[in-house]
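Everything below belongs to protein23.txt, which stores compact mmCIF, C-alpha atoms and all ligand atoms.
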```
# COMPACT_ATOMS: atom_id res chain seq x y z
CA MET A 22 16.85 24.57 -6.36
CA PRO A 23 18.76 25.61 -3.32
CA ALA A 24 18.87 24.76 0.30
CA ILE A 25 18.95 27.95 2.35
CA VAL A 26 20.13 28.20 5.92
CA LEU A 27 18.69 30.58 8.48
CA ILE A 28 20.77 31.25 11.58
CA GLY A 29 20.78 33.52 14.62
CA ALA A 30 23.88 35.72 14.52
CA GLN A 31 24.06 36.58 18.22
CA TRP A 32 23.03 34.66 21.36
CA GLY A 33 19.63 33.54 20.09
CA ASP A 34 16.20 35.17 20.25
CA GLU A 35 16.92 37.32 17.19
CA GLY A 36 13.47 36.68 15.73
CA LYS A 37 14.23 33.80 13.35
CA GLY A 38 10.66 32.51 13.43
CA LYS A 39 9.40 35.61 11.73
CA VAL A 40 11.74 35.29 8.76
CA THR A 41 10.96 31.59 8.32
CA ASP A 42 7.34 32.51 8.33
CA LEU A 43 7.95 35.25 5.73
CA LEU A 44 9.67 32.79 3.43
CA GLY A 45 6.79 30.39 4.00
CA ASP A 46 5.22 30.54 0.57
CA ARG A 47 8.55 30.30 -1.26
CA VAL A 48 9.87 27.20 0.47
CA LYS A 49 8.30 23.78 0.59
CA TYR A 50 10.28 22.24 3.44
CA VAL A 51 11.29 23.97 6.67
CA VAL A 52 13.75 21.87 8.63
CA ARG A 53 14.91 22.25 12.23
CA TYR A 54 18.47 20.91 12.35
CA GLN A 55 19.61 21.18 16.00
CA GLY A 56 18.54 21.97 19.53
CA GLY A 57 15.34 20.90 21.19
CA ASN A 58 12.65 22.46 23.32
CA ASN A 59 15.23 24.86 24.76
CA ALA A 60 14.30 27.03 21.78
CA GLY A 61 11.43 29.44 21.54
CA HIS A 62 10.18 30.93 18.31
CA THR A 63 7.31 33.38 18.31
CA VAL A 64 5.35 33.65 15.10
CA VAL A 65 2.69 36.33 14.84
CA VAL A 66 0.00 35.90 12.20
CA GLY A 67 -2.62 38.66 12.28
CA ASP A 68 -3.53 38.93 15.95
CA GLU A 69 -2.55 35.34 16.70
CA HIS A 70 0.71 34.65 18.56
CA TYR A 71 2.22 31.18 18.29
CA ALA A 72 5.03 30.22 20.66
CA LEU A 73 6.85 27.22 19.24
CA HIS A 74 9.53 25.20 20.97
CA VAL A 75 10.24 22.01 19.02
CA LEU A 76 8.31 22.39 15.80
CA PRO A 77 9.86 24.36 12.94
CA SER A 78 8.16 27.75 12.54
CA GLY A 79 7.09 26.76 9.02
CA VAL A 80 4.38 24.62 10.60
CA ILE A 81 2.13 27.71 10.67
CA SER A 82 2.17 28.01 6.84
CA PRO A 83 -0.30 25.52 5.36
CA GLU A 84 1.81 24.89 2.23
CA VAL A 85 4.96 24.05 4.16
CA ILE A 86 6.14 20.59 5.14
CA PRO A 87 7.80 20.95 8.56
CA VAL A 88 10.70 18.61 9.27
CA ILE A 89 12.47 17.77 12.52
CA GLY A 90 15.93 16.73 11.40
CA ASN A 91 18.30 14.12 12.77
CA GLY A 92 20.29 16.78 14.65
CA VAL A 93 17.37 17.73 16.90
CA VAL A 94 16.77 16.27 20.37
CA ILE A 95 13.12 15.54 21.07
CA ASP A 96 11.16 15.46 24.29
CA PRO A 97 8.20 13.46 22.95
CA LYS A 98 5.72 14.61 25.57
CA VAL A 99 6.51 18.25 24.83
CA LEU A 100 6.35 17.68 21.08
CA LEU A 101 2.96 15.97 21.29
CA GLU A 102 1.60 18.72 23.53
CA GLU A 103 2.80 21.29 21.02
CA ILE A 104 1.12 19.42 18.17
CA ASP A 105 -2.13 19.11 20.17
CA GLY A 106 -2.00 22.79 21.11
CA LEU A 107 -1.64 23.89 17.49
CA GLU A 108 -4.28 21.50 16.19
CA SER A 109 -6.76 22.76 18.78
CA ARG A 110 -6.22 26.24 17.28
CA GLY A 111 -6.85 24.95 13.78
CA VAL A 112 -3.20 24.61 12.66
CA SER A 113 -2.73 21.21 11.08
CA CYS A 114 0.48 19.30 11.82
CA GLU A 115 -0.35 16.28 9.69
CA LYS A 116 2.45 16.97 7.19
CA LEU A 117 5.13 16.94 9.91
CA LEU A 118 8.12 14.67 9.28
CA ILE A 119 10.45 13.51 12.05
CA SER A 120 13.83 11.94 11.41
CA ALA A 121 14.09 8.37 12.70
CA ASN A 122 17.63 9.28 13.81
CA ALA A 123 16.72 12.21 16.06
CA HIS A 124 17.62 11.55 19.70
CA LEU A 125 15.13 11.40 22.54
CA ILE A 126 15.27 13.47 25.69
CA MET A 127 14.65 11.10 28.60
CA PRO A 128 13.48 11.86 32.17
CA TYR A 129 17.01 11.19 33.45
CA HIS A 130 18.39 13.82 31.04
CA ARG A 131 16.07 16.43 32.51
CA ALA A 132 16.92 15.34 36.05
CA LEU A 133 20.67 15.46 35.38
CA ASP A 134 20.46 18.86 33.65
CA LYS A 135 18.79 20.41 36.70
CA VAL A 136 20.87 18.73 39.35
CA SER A 137 24.23 19.29 37.66
CA GLU A 138 23.44 23.01 37.27
CA ARG A 139 22.67 23.17 40.96
CA PHE A 140 25.98 21.50 41.75
CA LEU A 141 27.89 24.00 39.57
CA GLY A 142 26.72 26.80 41.90
CA LYS A 143 28.12 30.12 40.75
CA ALA A 144 29.74 28.48 37.73
CA LYS A 145 26.36 27.35 36.38
CA ILE A 146 25.64 27.71 32.67
CA GLY A 147 22.08 28.90 33.17
CA THR A 148 20.61 26.15 31.00
CA THR A 149 16.92 25.96 30.22
CA GLY A 150 16.74 22.78 32.35
CA ARG A 151 15.15 20.83 29.51
CA GLY A 152 17.75 18.05 29.43
CA ILE A 153 19.45 19.27 26.25
CA GLY A 154 23.10 18.96 27.32
CA PRO A 155 22.80 15.46 28.86
CA THR A 156 20.92 14.21 25.77
CA TYR A 157 23.61 15.44 23.37
CA GLY A 158 26.20 14.07 25.80
CA ASP A 159 24.70 10.60 25.48
CA LYS A 160 24.47 10.95 21.70
CA VAL A 161 28.19 11.60 21.46
CA ALA A 162 28.96 8.92 24.06
CA ARG A 163 26.90 6.51 21.90
CA THR A 164 24.48 5.69 24.69
CA GLY A 165 21.62 7.80 23.34
CA ILE A 166 18.17 6.55 22.43
CA ARG A 167 16.71 7.52 19.09
CA ILE A 168 13.18 7.94 17.76
CA GLN A 169 13.51 4.68 15.83
CA ASP A 170 14.18 2.78 19.07
CA LEU A 171 10.61 3.53 20.14
CA PHE A 172 9.36 1.08 17.56
CA ASP A 173 11.26 -1.91 18.90
CA PRO A 174 10.14 -2.39 22.54
CA GLY A 175 12.82 -5.03 23.21
CA ILE A 176 15.63 -2.77 21.99
CA LEU A 177 14.18 0.21 23.81
CA GLU A 178 14.20 -1.57 27.14
CA GLN A 179 17.66 -3.00 26.52
CA LYS A 180 19.09 0.43 25.67
CA LEU A 181 17.36 1.99 28.65
CA GLU A 182 18.80 -0.66 31.01
CA LEU A 183 22.28 0.08 29.68
CA ALA A 184 21.89 3.85 29.88
CA LEU A 185 20.46 3.70 33.39
CA ARG A 186 23.31 1.60 34.71
CA ASP A 187 25.57 4.61 35.06
CA LYS A 188 22.85 7.28 35.15
CA ASN A 189 21.34 5.74 38.28
CA GLN A 190 24.76 5.54 39.93
CA LEU A 191 25.17 9.24 39.26
CA LEU A 192 21.67 10.16 40.35
CA THR A 193 21.73 8.17 43.59
CA LYS A 194 25.38 8.27 44.67
CA VAL A 195 26.53 11.69 43.47
CA TYR A 196 23.37 13.74 43.41
CA ASN A 197 21.39 11.98 46.11
CA ARG A 198 18.31 11.48 43.91
CA ARG A 199 16.03 8.51 43.44
CA ALA A 200 16.95 5.85 40.86
CA ILE A 201 14.85 5.69 37.70
CA GLU A 202 13.36 2.39 36.52
CA ALA A 203 13.89 1.38 32.89
CA LYS A 204 10.53 -0.37 32.76
CA ARG A 205 8.65 2.72 33.86
CA ILE A 206 10.23 4.86 31.15
CA ALA A 207 9.74 2.14 28.54
CA GLU A 208 6.02 2.07 29.40
CA GLU A 209 5.64 5.83 29.22
CA TYR A 210 7.61 6.16 25.98
CA SER A 211 5.79 3.33 24.24
CA THR A 212 2.61 5.41 24.51
CA TYR A 213 4.38 8.16 22.58
CA ALA A 214 5.56 5.66 19.96
CA GLU A 215 2.01 5.06 18.73
CA ARG A 216 1.32 8.73 18.22
CA LEU A 217 4.69 9.63 16.71
CA LYS A 218 4.89 6.75 14.24
CA PRO A 219 2.91 8.41 11.39
CA TYR A 220 5.37 11.31 11.31
CA VAL A 221 8.61 9.34 11.33
CA ALA A 222 10.53 9.15 8.05
CA ASP A 223 13.92 8.99 6.36
CA THR A 224 14.01 12.78 6.24
CA GLY A 225 17.52 13.07 4.70
CA LEU A 226 16.37 11.03 1.72
CA ILE A 227 13.13 13.00 1.33
CA LEU A 228 15.01 16.32 1.39
CA ASP A 229 17.51 15.10 -1.19
CA GLN A 230 14.69 14.07 -3.50
CA ALA A 231 13.02 17.45 -2.98
CA LEU A 232 16.21 19.30 -3.90
CA LYS A 233 16.61 17.13 -7.00
CA ASN A 234 13.05 18.10 -7.95
CA ASP A 235 13.86 21.80 -7.74
CA VAL A 236 12.04 22.41 -4.50
CA ASN A 237 13.28 25.04 -2.03
CA VAL A 238 14.37 23.77 1.37
CA LEU A 239 14.91 26.03 4.36
CA LEU A 240 17.19 24.76 7.12
CA GLU A 241 16.28 26.62 10.27
CA GLY A 242 18.69 26.97 13.17
CA ALA A 243 17.63 27.44 16.76
CA GLN A 244 19.55 29.45 19.39
CA GLY A 245 22.41 31.56 17.99
CA SER A 246 25.98 31.47 16.71
CA LEU A 247 27.53 32.54 20.01
CA LEU A 248 25.76 29.62 21.72
CA ASP A 249 27.38 27.12 19.33
CA VAL A 250 29.29 24.41 21.20
CA ASP A 251 32.30 24.88 18.86
CA HIS A 252 32.13 28.54 17.88
CA GLY A 253 30.34 30.13 20.82
CA THR A 254 31.36 31.41 24.22
CA TYR A 255 32.22 27.93 25.52
CA PRO A 256 31.36 26.62 28.10
CA PHE A 257 28.44 29.09 28.27
CA VAL A 258 26.83 27.61 25.19
CA THR A 259 24.23 25.08 24.20
CA SER A 260 25.33 21.53 23.31
CA SER A 261 24.75 21.61 19.55
CA ASN A 262 25.86 23.52 16.43
CA PRO A 263 23.43 26.33 15.59
CA THR A 264 25.96 27.76 13.07
CA ALA A 265 25.41 27.14 9.37
CA GLY A 266 27.81 24.18 9.26
CA GLY A 267 25.48 22.35 11.65
CA ALA A 268 22.68 22.62 9.09
CA ALA A 269 24.25 20.04 6.80
CA VAL A 270 25.05 17.62 9.62
CA GLY A 271 21.71 18.03 11.38
CA SER A 272 19.54 17.61 8.29
CA GLY A 273 21.48 15.20 6.09
CA VAL A 274 21.57 17.77 3.25
CA GLY A 275 25.05 17.85 1.71
CA PRO A 276 26.92 21.17 2.16
CA THR A 277 27.27 21.76 -1.60
CA LYS A 278 23.47 22.05 -1.84
CA ILE A 279 23.45 25.11 0.43
CA THR A 280 23.54 28.33 -1.59
CA LYS A 281 22.52 31.00 0.88
CA VAL A 282 22.94 31.71 4.58
CA ILE A 283 20.55 34.27 6.03
CA GLY A 284 21.65 35.68 9.38
CA ILE A 285 19.08 37.14 11.73
CA ILE A 286 20.52 39.89 13.83
CA LYS A 287 18.85 42.16 16.35
CA ALA A 288 19.47 45.92 16.12
CA TYR A 289 20.87 45.56 19.65
CA THR A 290 22.03 42.49 21.61
CA THR A 291 20.45 40.13 24.13
CA ARG A 292 21.55 37.00 25.91
CA VAL A 293 19.94 34.53 28.34
CA GLY A 294 21.90 32.49 30.86
CA SER A 295 25.46 33.01 32.07
CA GLY A 296 28.61 33.92 30.18
CA PRO A 297 30.49 36.89 28.77
CA PHE A 298 28.55 39.71 27.10
CA PRO A 299 30.76 42.76 26.52
CA THR A 300 28.03 45.30 25.64
CA GLU A 301 25.68 44.25 28.44
CA LEU A 302 23.94 47.16 30.17
CA LEU A 303 23.48 46.63 33.88
CA ASP A 304 21.91 50.03 34.44
CA ASP A 305 18.64 51.81 33.67
CA GLN A 306 19.39 51.72 29.96
CA GLY A 307 19.45 47.92 30.04
CA GLU A 308 16.14 47.96 31.86
CA TRP A 309 14.77 50.37 29.24
CA LEU A 310 15.87 48.10 26.36
CA ARG A 311 14.37 45.04 28.08
CA LYS A 312 11.05 46.80 28.48
CA ALA A 313 10.99 48.44 25.05
CA GLY A 314 11.95 45.17 23.33
CA GLY A 315 9.81 42.86 25.50
CA GLU A 316 12.96 40.87 26.21
CA PHE A 317 11.67 37.91 28.21
CA GLY A 318 12.29 34.28 27.19
CA VAL A 319 9.61 32.49 25.17
CA THR A 320 10.61 29.16 26.73
CA THR A 321 11.50 30.05 30.31
CA GLY A 322 10.06 33.55 30.76
CA ARG A 323 13.47 34.63 32.08
CA PRO A 324 14.37 38.31 31.63
CA ARG A 325 17.02 38.56 28.90
CA ARG A 326 20.26 40.42 29.49
CA CYS A 327 20.32 43.43 27.14
CA GLY A 328 23.06 45.54 25.54
CA TRP A 329 24.03 47.60 22.50
CA PHE A 330 24.79 46.25 19.04
CA ASP A 331 28.16 44.55 18.92
CA ALA A 332 29.78 44.76 15.48
CA VAL A 333 32.67 42.52 16.55
CA ILE A 334 30.18 39.71 17.21
CA ALA A 335 28.37 40.49 13.94
CA ARG A 336 31.60 40.27 11.92
CA TYR A 337 32.43 37.00 13.63
CA ALA A 338 28.97 35.59 12.87
CA THR A 339 29.36 36.62 9.22
CA ARG A 340 32.63 34.71 9.10
CA VAL A 341 31.76 31.48 10.92
CA ASN A 342 28.44 31.10 9.15
CA GLY A 343 29.40 32.48 5.75
CA VAL A 344 26.40 34.82 6.01
CA THR A 345 25.23 36.07 2.60
CA ASP A 346 22.28 38.22 3.80
CA TYR A 347 21.18 39.74 7.06
CA CYS A 348 17.74 40.48 8.36
CA VAL A 349 18.01 43.16 11.06
CA THR A 350 15.18 42.74 13.55
CA LYS A 351 13.60 45.02 16.15
CA LEU A 352 14.90 48.28 14.70
CA ASP A 353 11.73 49.96 15.99
CA VAL A 354 12.80 49.26 19.58
CA LEU A 355 15.64 51.80 19.26
CA SER A 356 13.33 54.71 18.37
CA GLY A 357 13.55 57.61 20.78
CA LEU A 358 17.27 57.52 21.57
CA ASP A 359 19.35 60.61 21.00
CA LYS A 360 22.58 58.67 20.36
CA ILE A 361 22.95 54.92 19.85
CA PRO A 362 26.23 53.33 20.95
CA VAL A 363 27.60 50.59 18.67
CA CYS A 364 30.55 48.47 19.79
CA VAL A 365 33.25 48.52 17.10
CA ALA A 366 36.13 46.83 18.95
CA TYR A 367 37.15 45.63 22.41
CA GLU A 368 39.80 46.74 24.79
CA VAL A 369 41.42 43.91 26.70
CA ASP A 370 43.92 44.86 29.39
CA GLY A 371 44.83 48.06 27.54
CA LYS A 372 45.08 46.42 24.08
CA LYS A 373 42.58 47.01 21.25
CA HIS A 374 41.01 43.94 19.62
CA ASP A 375 39.10 44.19 16.33
CA GLU A 376 38.15 40.52 16.53
CA ILE A 377 36.86 38.29 19.34
CA PRO A 378 39.90 37.52 21.52
CA MET A 379 41.29 34.04 21.05
CA THR A 380 41.00 32.95 24.68
CA GLN A 381 38.08 32.75 27.07
CA THR A 382 40.07 34.66 29.69
CA ASP A 383 40.61 37.63 27.36
CA PHE A 384 36.99 37.60 26.21
CA HIS A 385 35.83 37.76 29.81
CA HIS A 386 37.95 40.90 30.22
CA ALA A 387 36.79 42.55 26.97
CA LYS A 388 35.48 46.10 27.37
CA PRO A 389 33.49 47.58 24.48
CA VAL A 390 34.89 50.45 22.41
CA TYR A 391 31.88 52.46 21.23
CA GLU A 392 31.05 54.66 18.29
CA TYR A 393 27.96 56.80 18.80
CA LEU A 394 25.47 56.93 15.93
CA ASP A 395 22.63 59.44 15.69
CA GLY A 396 19.28 58.17 16.91
CA TRP A 397 15.79 59.08 15.63
CA SER A 398 12.64 59.99 17.46
CA GLU A 399 9.97 58.90 14.97
CA ASP A 400 7.82 55.79 15.46
CA ILE A 401 8.96 53.59 12.56
CA SER A 402 6.58 50.66 13.09
CA GLY A 403 4.45 51.80 10.14
CA ALA A 404 7.37 51.94 7.66
CA ARG A 405 6.96 49.56 4.73
CA THR A 406 9.97 50.46 2.58
CA PHE A 407 13.54 51.44 3.35
CA GLY A 408 12.69 54.94 2.07
CA ASP A 409 9.95 55.28 4.72
CA LEU A 410 12.59 55.13 7.47
CA PRO A 411 13.95 58.39 8.87
CA LYS A 412 17.38 59.22 7.39
CA LYS A 413 19.14 58.54 10.71
CA ALA A 414 17.56 55.08 10.98
CA GLN A 415 18.70 54.39 7.39
CA THR A 416 22.22 55.45 8.35
CA TYR A 417 22.14 53.21 11.43
CA VAL A 418 21.25 50.20 9.26
CA LYS A 419 23.80 51.09 6.57
CA THR A 420 26.52 51.51 9.20
CA ILE A 421 25.91 48.19 10.94
CA GLU A 422 25.70 46.55 7.51
CA GLU A 423 29.13 47.87 6.60
CA MET A 424 30.56 46.87 9.97
CA SER A 425 29.08 43.35 9.77
CA GLY A 426 30.43 42.59 6.31
CA ALA A 427 27.25 41.19 4.72
CA GLN A 428 24.35 42.92 2.99
CA VAL A 429 21.17 43.73 4.90
CA SER A 430 18.27 42.38 2.85
CA ALA A 431 15.41 42.83 5.31
CA ILE A 432 14.55 44.95 8.35
CA GLY A 433 11.99 44.23 11.05
CA VAL A 434 10.07 47.18 12.48
CA GLY A 435 7.48 45.27 14.52
CA PRO A 436 6.29 41.76 15.33
CA ARG A 437 3.62 41.38 12.66
CA ARG A 438 4.09 39.68 9.30
CA ASP A 439 3.63 42.96 7.41
CA GLN A 440 6.21 44.77 9.54
CA THR A 441 9.27 43.55 7.68
CA LEU A 442 10.86 45.74 5.01
CA GLN A 443 12.30 43.60 2.25
CA LEU A 444 15.21 45.38 0.55
CA ARG A 445 15.76 42.51 -1.86
CA PRO A 446 14.16 39.07 -2.09
CA PHE A 447 15.84 36.20 -0.24
CA LEU A 448 14.85 33.83 -3.03
P1 LIG A 501 20.66 24.62 27.19
O1 LIG A 501 20.55 24.76 25.70
O2 LIG A 501 19.34 24.47 27.88
O3 LIG A 501 21.65 23.56 27.58
O4 LIG A 501 21.27 26.00 27.75
C1 LIG A 501 22.59 26.41 27.43
C2 LIG A 501 22.65 27.92 27.21
O5 LIG A 501 21.97 28.24 26.01
C3 LIG A 501 21.98 28.75 28.31
O6 LIG A 501 22.71 29.95 28.47
C4 LIG A 501 20.61 29.05 27.74
O7 LIG A 501 20.05 30.22 28.29
C5 LIG A 501 20.97 29.22 26.27
N1 LIG A 501 19.85 28.96 25.37
C6 LIG A 501 19.34 27.76 25.01
N2 LIG A 501 18.33 27.91 24.14
C7 LIG A 501 18.19 29.22 23.93
C8 LIG A 501 17.34 30.00 23.09
O8 LIG A 501 16.49 29.51 22.33
N3 LIG A 501 17.53 31.36 23.14
C9 LIG A 501 18.48 31.93 23.92
N4 LIG A 501 19.30 31.25 24.70
C10 LIG A 501 19.17 29.90 24.71
```
Using the file provided, produce a representation of the structure as structure tokens.
Ligand code: IMP
Amino acid sequence: MPAIVLIGAQWGDEGKGKVTDLLGDRVKYVVRYQGGNNAGHTVVVGDEHYALHVLPSGVISPEVIPVIGNGVVIDPKVLLEEIDGLESRGVSCEKLLISANAHLIMPYHRALDKVSERFLGKAKIGTTGRGIGPTYGDKVARTGIRIQDLFDPGILEQKLELALRDKNQLLTKVYNRRAIEAKRIAEEYSTYAERLKPYVADTGLILDQALKNDVNVLLEGAQGSLLDVDHGTYPFVTSSNPTAGGAAVGSGVGPTKITKVIGIIKAYTTRVGSGPFPTELLDDQGEWLRKAGGEFGVTTGRPRRCGWFDAVIARYATRVNGVTDYCVTKLDVLSGLDKIPVCVAYEVDGKKHDEIPMTQTDFHHAKPVYEYLDGWSEDISGARTFGDLPKKAQTYVKTIEEMSGAQVSAIGVGPRRDQTLQLRPFL
């Protein structure tokens, strides 16, 4: 049985949680493979809204075993609060598995994230301030602290002492903050150790055994392809690999086991934080899209930047992820427009580009070249099949499908579970 990857094809917030939830009864394991509590998935079941940050969205489906893979960075306090919050609403988290190799977000990571952004001034990345970048930085520098370190108090304190040697120099001498005591963190984190222990496992091994036993595994990305530290709009990116390649690394599932990559793509584009965004609308139309689409961050509540669909980005996402199927989300938001602009290429200093320009400088200068598709006026939130959509909405989907270079297999017309039109099964 296959491992399937689910990725965001734009700058995140495409509605991945909904598709994971839809696949819920056909997959046994849902695995987060990167990112941390910078993410925000909203899952709507009936009238209940669940905002998840660290836990995989599959946690809402009772049959699913949710897994936090080795590639995720975990703020244990936030994770435990999320577990408690769900359990108090009757959602059991007892099947949750957490990789012993996942890295821990520490108080100094959060402090450094905030203070370094402040120091960047106008050049700031617009991070979520959750300590994500500094935690991945330590992981790569080999000074990170992992979940498994919580279970050896001597090692934990030793590693903390080492990490704090230079962190405290930075905090006190560069950023004028107070030093952090290793002992204090060790005490706080050892309280989390007790509670986390039952969930911790060799998740790579468990997933391999599941795949050998013909069980479906869904590897769920957070953020989006254009926020990927290698393939995104660097440096305005997150510090991990949300693209499909990251799924193998961040879960321990070998790449040859992955048979499908489902891309989630909004019918228009949004972005949070700084960085280039060629189709961004800074006028009333942007405001209209933000309102119509409810485009405010699940994690930070920040208003999202909004713009038209960008087929250049979509084509790029198809390529770097090897997307096999798309789910177009929020098509209903576009109802009521006479014409809908779709970006088909860029113009950079008088030259046309069909692909994302090679350099950051050129991408910052990219101006969208638009084609104008016919809009529709009908409310489509009650559509349940492709045939229920007005002809012009069907043409819009078919056109962006052709431009993106991968088949559209599902379309979202509203936030509820039953508001997704399935053109063909994912599994
Ligand atoms: P960080 O991941 O907090 O370091 O933030 C880096 C960039 O990624 C910023 O522009 C954030 O706004 C963006 N980002 C991080 N997580 C998400 C997400 O889940 N959705 C959208 N943008 C995100």
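CA of Lys188 in chain A is positioned 19.0 Å from CA of Ile95 in chain A.
For range 168-171 of chain A, the residues within 10 Å (counting all atoms listed in the file, excluding itself and residues fewer than 6 positions away along the chain) are A:Asn91, A:Val94, A:Ile95, A:Pro97, A:Ile119, A:Ser120, A:Ala121, A:Asn122, A:Ala123, A:His124, A:Leu125, A:Ile126, A:Leu177, A:Glu178, A:Lys180, A:Ala207, A:Tyr210, A:Ser211, A:Thr212, A:Tyr213, A:Ala214, A:Glu215, A:Leu217, A:Lys218, A:Val221, A:Ala222.
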Subject >> Contacts of Thr320 in chain A at 9 Å (all atoms listed in the file; same-chain gap of 4+ positions) as a ChimeraX atom specification >> reply: /A:58-62,72-74,149
With 4 Å added on each side, what axis-aligned box encloses every listed atom of ligand LIG 501 (chain A)? Give the centre and edge lengths in Å to one decimal, as JSON.
```
{"center_x": 19.6, "center_y": 27.7, "center_z": 25.4, "size_x": 14.2, "size_y": 16.4, "size_z": 14.1}
```
**OP:** May I have the residues within 9 Å of ligand LIG 501 (chain A), computed using all atoms listed in the file, as a ChimeraX atom specification?
**Re:** /A:32-35,56-62,74,134,146-155,243-245,248-249,256-261,291-296,318-321,323,325
**OP:** Write out as a ChimeraX atom specification each polymer residue whose atoms come within 12 Å of Ala231 in chain A, counting only C-alpha atoms; drop sequence neighbours fewer than 2 positions from it.
**Re:** /A:22-24,48-51,86,224-229,233-239,274,278
Which residues come within 12 Å of Asp105 in chain A, counting all atoms listed in the file, excluding same-chain residues fewer than 6 positions away, as a tab-separated table (two decimals) with C-alpha atoms, keeping the file's coordinate frame?
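The result, written out as around29.tsv:
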```
chain	number	residue	atom	x	y	z
A	76	LEU	CA	8.31	22.39	15.80
A	98	LYS	CA	5.72	14.61	25.57
A	99	VAL	CA	6.51	18.25	24.83
A	111	GLY	CA	-6.85	24.95	13.78
A	112	VAL	CA	-3.20	24.61	12.66
A	113	SER	CA	-2.73	21.21	11.08
A	114	CYS	CA	0.48	19.30	11.82
A	115	GLU	CA	-0.35	16.28	9.69
A	216	ARG	CA	1.32	8.73	18.22
```
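Within 8 Å of range 346-348 of chain A, once all atoms listed in the file are used and residues closer than 6 positions along the same chain are dropped, the contacting residues are A:Val40, A:Lys281, A:Val282, A:Ile283, A:Gly284, A:Ile285, A:Ile286, A:Ala427, A:Gln428, A:Val429, A:Ser430, A:Ala431, A:Ile432, A:Gly433, A:Phe447.
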**OP:** Give me, please, the distance in Å between CA of Ile279 in chain A and CA of Val26 in chain A, quoted to one decimal.
**Re:** 7.1 Å
Original post:
In Å, with one decimal, what is the gap from CA of Phe330 in chain A to CA of Cys364 in chain A?
Top reply: 6.2 Å
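In terms of minimum interatomic distance to Asp370 in chain A, A:His386 ranks closest within A:Leu355, A:Thr193, A:His386, A:Leu181, counting only C-alpha atoms.
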**OP:** Tell me which of A:Tyr129, A:Tyr255, A:Tyr71, A:Phe140 sits closest to Gln381 in chain A, counting all atoms listed in the file.
**Re:** A:Tyr255
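Nearest residue to Glu301 in chain A among A:Val80, A:Val363, A:Val136, A:Val66 is A:Val363, counting all atoms listed in the file.
Proximity to Tyr220 in chain A was assessed for A:Thr382, A:Leu118, A:Ile361, A:Arg445 counting all atoms listed in the file; the smallest distance is recorded for A:Leu118.
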**OP:** Find, counting only C-alpha atoms, the residue in A:Gly371, A:Gly307, A:Gly435, A:Pro389 that gets nearest to Asp331 in chain A.
**Re:** A:Pro389
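Distance check against Pro77 in chain A using all atoms listed in the file: of A:Glu241, A:Arg163, A:Lys312, A:Gly175, the minimum falls on A:Glu241.
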